[in-house]
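Presented below is the structure to which this report refers.
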Amino acid sequence: MSSAWQSYRYWARLRWILFFGMIVWFFAVAIVSEAIGHWNRNIGHGAYFAGMGAWMLPLLYANWRANNFRCPRCNQYFFRTLWYYNGFARKCVHCGLPKWADP
Ligand SMILES: [Zn+2]
């Protein structure tokens, strides 16, 4: 497998790990910020949004990196054109290179 695909696989996997981890993390943040909120309401709210944001930023970044993967053959965006997007595309939407195929 070419290094371009290895890079794509890294970001795509990280996106799913962060996505499912988010569910667990959000419960943890909700419980902890709730407990802090009993002691100080404002700090509880701050902890809630800081905790959520701390997880969302890497998730959004990994998602962005995976969605904007460039085709190893034509160097265009693999999953989208200006007017079309398919995150589950099995082949490049520009040149038709199959997913995971060597250019
Ligand atoms: Zn292509």
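The chains in the structure tokens are called A, B, ... from first to last as shown; in each chain the residues are counted from 1, and the ligands are counted from 1 in the order shown.
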Who sits within 10 Å of Tyr48 (chain A), only C-alpha atoms, same chain under 5 positions skipped, as a ChimeraX atom specification:
/A:26,28-34,36-37,42-43,53-54
Which chains and residue numbers are within 8 Å of ligand 1, counting only C-alpha atoms and all ligand atoms, if I want them as a CSV table (one decimal) with all heavy atoms, in the first residue's frame?
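Heads up, here's the output in part.csv:
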```csv
chain,number,residue,atom,x,y,z
A,70,ARG,N,-6.3,13.6,-0.7
A,70,ARG,CA,-6.0,13.8,-2.2
A,70,ARG,C,-5.7,12.5,-2.8
A,70,ARG,O,-4.9,11.7,-2.3
A,70,ARG,CB,-4.9,14.8,-2.4
A,70,ARG,CG,-5.4,16.2,-2.2
A,70,ARG,CD,-4.3,17.2,-2.5
A,70,ARG,NE,-4.8,18.6,-2.2
A,70,ARG,CZ,-5.4,19.3,-3.2
A,70,ARG,NH1,-5.6,18.9,-4.4
A,70,ARG,NH2,-5.8,20.6,-2.9
A,71,CYS,N,-6.3,12.2,-4.0
A,71,CYS,CA,-6.0,11.0,-4.7
A,71,CYS,C,-4.6,10.9,-5.1
A,71,CYS,O,-3.9,11.8,-5.5
A,71,CYS,CB,-6.9,11.1,-6.0
A,71,CYS,SG,-6.5,9.7,-7.1
A,72,PRO,N,-4.0,9.7,-4.8
A,72,PRO,CA,-2.5,9.5,-5.1
A,72,PRO,C,-2.2,9.5,-6.6
A,72,PRO,O,-1.1,9.7,-7.0
A,72,PRO,CB,-2.2,8.1,-4.5
A,72,PRO,CG,-3.4,7.5,-4.1
A,72,PRO,CD,-4.5,8.5,-4.1
A,73,ARG,N,-3.2,9.3,-7.5
A,73,ARG,CA,-3.0,9.3,-8.9
A,73,ARG,C,-3.2,10.7,-9.5
A,73,ARG,O,-2.3,11.3,-10.1
A,73,ARG,CB,-3.9,8.3,-9.6
A,73,ARG,CG,-3.6,8.3,-11.1
A,73,ARG,CD,-4.1,7.0,-11.8
A,73,ARG,NE,-5.5,7.0,-11.9
A,73,ARG,CZ,-6.2,5.9,-12.3
A,73,ARG,NH1,-5.6,4.8,-12.6
A,73,ARG,NH2,-7.5,5.9,-12.4
A,74,CYS,N,-4.4,11.4,-9.3
A,74,CYS,CA,-4.6,12.6,-10.0
A,74,CYS,C,-4.4,13.8,-9.1
A,74,CYS,O,-4.5,15.0,-9.6
A,74,CYS,CB,-6.0,12.6,-10.6
A,74,CYS,SG,-7.3,12.6,-9.3
A,75,ASN,N,-4.2,13.6,-7.8
A,75,ASN,CA,-3.9,14.6,-6.8
A,75,ASN,C,-5.1,15.6,-6.6
A,75,ASN,O,-4.9,16.7,-6.1
A,75,ASN,CB,-2.7,15.4,-7.2
A,75,ASN,CG,-2.0,16.1,-6.0
A,75,ASN,OD1,-2.0,15.5,-4.9
A,75,ASN,ND2,-1.4,17.2,-6.2
A,76,GLN,N,-6.3,15.2,-7.0
A,76,GLN,CA,-7.5,16.0,-6.7
A,76,GLN,C,-8.1,15.4,-5.4
A,76,GLN,O,-7.7,14.3,-5.0
A,76,GLN,CB,-8.5,15.8,-7.8
A,76,GLN,CG,-8.0,16.1,-9.2
A,76,GLN,CD,-8.2,17.6,-9.6
A,76,GLN,OE1,-8.4,18.4,-8.7
A,76,GLN,NE2,-8.2,17.9,-10.9
A,77,TYR,N,-9.1,16.0,-4.9
A,77,TYR,CA,-9.8,15.5,-3.7
A,77,TYR,C,-10.5,14.2,-4.1
A,77,TYR,O,-11.3,14.1,-5.0
A,77,TYR,CB,-10.8,16.5,-3.1
A,77,TYR,CG,-10.1,17.7,-2.6
A,77,TYR,CD1,-10.4,19.0,-3.1
A,77,TYR,CD2,-9.3,17.6,-1.5
A,77,TYR,CE1,-9.7,20.1,-2.6
A,77,TYR,CE2,-8.6,18.7,-1.0
A,77,TYR,CZ,-8.9,20.0,-1.5
A,77,TYR,OH,-8.3,21.1,-1.0
A,78,PHE,N,-10.2,13.1,-3.3
A,78,PHE,CA,-10.7,11.8,-3.6
A,78,PHE,C,-12.2,11.7,-3.4
A,78,PHE,O,-12.9,11.0,-4.2
A,78,PHE,CB,-10.0,10.7,-2.7
A,78,PHE,CG,-10.2,9.3,-3.2
A,78,PHE,CD1,-9.4,8.7,-4.1
A,78,PHE,CD2,-11.2,8.6,-2.6
A,78,PHE,CE1,-9.6,7.4,-4.5
A,78,PHE,CE2,-11.5,7.3,-3.0
A,78,PHE,CZ,-10.6,6.7,-3.9
A,91,LYS,N,-14.3,4.7,-5.3
A,91,LYS,CA,-13.2,5.1,-6.2
A,91,LYS,C,-13.2,6.6,-6.3
A,91,LYS,O,-14.1,7.3,-5.9
A,91,LYS,CB,-13.5,4.5,-7.6
A,91,LYS,CG,-14.8,4.8,-8.2
A,91,LYS,CD,-14.9,3.9,-9.4
A,91,LYS,CE,-16.2,4.0,-10.3
A,91,LYS,NZ,-17.2,4.9,-10.1
A,92,CYS,N,-12.0,7.1,-6.7
A,92,CYS,CA,-11.8,8.6,-6.9
A,92,CYS,C,-12.9,9.2,-7.7
A,92,CYS,O,-13.2,8.7,-8.8
A,92,CYS,CB,-10.4,8.8,-7.5
A,92,CYS,SG,-10.1,10.6,-7.8
A,93,VAL,N,-13.5,10.3,-7.2
A,93,VAL,CA,-14.6,10.9,-7.9
A,93,VAL,C,-14.1,11.7,-9.1
A,93,VAL,O,-14.9,12.2,-9.9
A,93,VAL,CB,-15.4,11.9,-7.0
A,93,VAL,CG1,-16.2,11.1,-5.9
A,93,VAL,CG2,-14.6,13.0,-6.4
A,94,HIS,N,-12.8,11.8,-9.2
A,94,HIS,CA,-12.2,12.5,-10.4
A,94,HIS,C,-11.7,11.6,-11.5
A,94,HIS,O,-12.1,11.6,-12.6
A,94,HIS,CB,-11.0,13.5,-9.9
A,94,HIS,CG,-11.5,14.6,-9.2
A,94,HIS,ND1,-12.0,15.8,-9.7
A,94,HIS,CD2,-11.6,14.8,-7.8
A,94,HIS,CE1,-12.3,16.7,-8.8
A,94,HIS,NE2,-12.1,16.1,-7.6
A,95,CYS,N,-10.8,10.7,-11.1
A,95,CYS,CA,-10.2,9.8,-12.1
A,95,CYS,C,-10.6,8.4,-12.0
A,95,CYS,O,-10.2,7.6,-12.9
A,95,CYS,CB,-8.6,9.9,-12.0
A,95,CYS,SG,-8.0,9.1,-10.5
A,96,GLY,N,-11.4,8.0,-11.0
A,96,GLY,CA,-11.9,6.6,-10.9
A,96,GLY,C,-10.9,5.6,-10.3
A,96,GLY,O,-11.2,4.4,-10.3
A,97,LEU,N,-9.8,6.1,-9.8
A,97,LEU,CA,-8.9,5.2,-9.1
A,97,LEU,C,-9.6,4.5,-8.0
A,97,LEU,O,-10.1,5.1,-7.1
A,97,LEU,CB,-7.6,5.9,-8.6
A,97,LEU,CG,-6.6,5.1,-7.8
A,97,LEU,CD1,-5.8,4.3,-8.8
A,97,LEU,CD2,-5.7,6.0,-7.0
```
Among chain A, which ones does DSSP place in strand (DSSP E or B), written as a list in words?
Arg70, Tyr77, Arg80, Tyr85, Lys91 and Pro98 of chain A
Find the spatial neighbours of Arg65 (chain A), counting only C-alpha atoms, within a cut-off of 12 Å - ignore same-chain residues fewer than 2 positions away - and output them as a PyMOL selection string.
chain A and resi 7-15+58-63+67-70+77-79+87
Between CA of Tyr85 (chain A) and CA of Lys99 (chain A) - distance in Å to one decimal
15.2 Å
Would you please work out which residue, of A:Ala89, A:Gln6, A:Trp39, A:Met52, is nearest to Val24 (chain A) when using only C-alpha atoms?
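For Val24 (chain A), the nearest of the given residues is A:Met52.
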I'd like to know which residues of chain A are helix (DSSP H, G or I) (by DSSP, run on the backbone); could you write them as a ChimeraX atom specification?
/A:3-39,41-67
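Distance-wise, CA of Leu18 (chain A) and CA of Ala50 (chain A) end up 16.4 Å apart.
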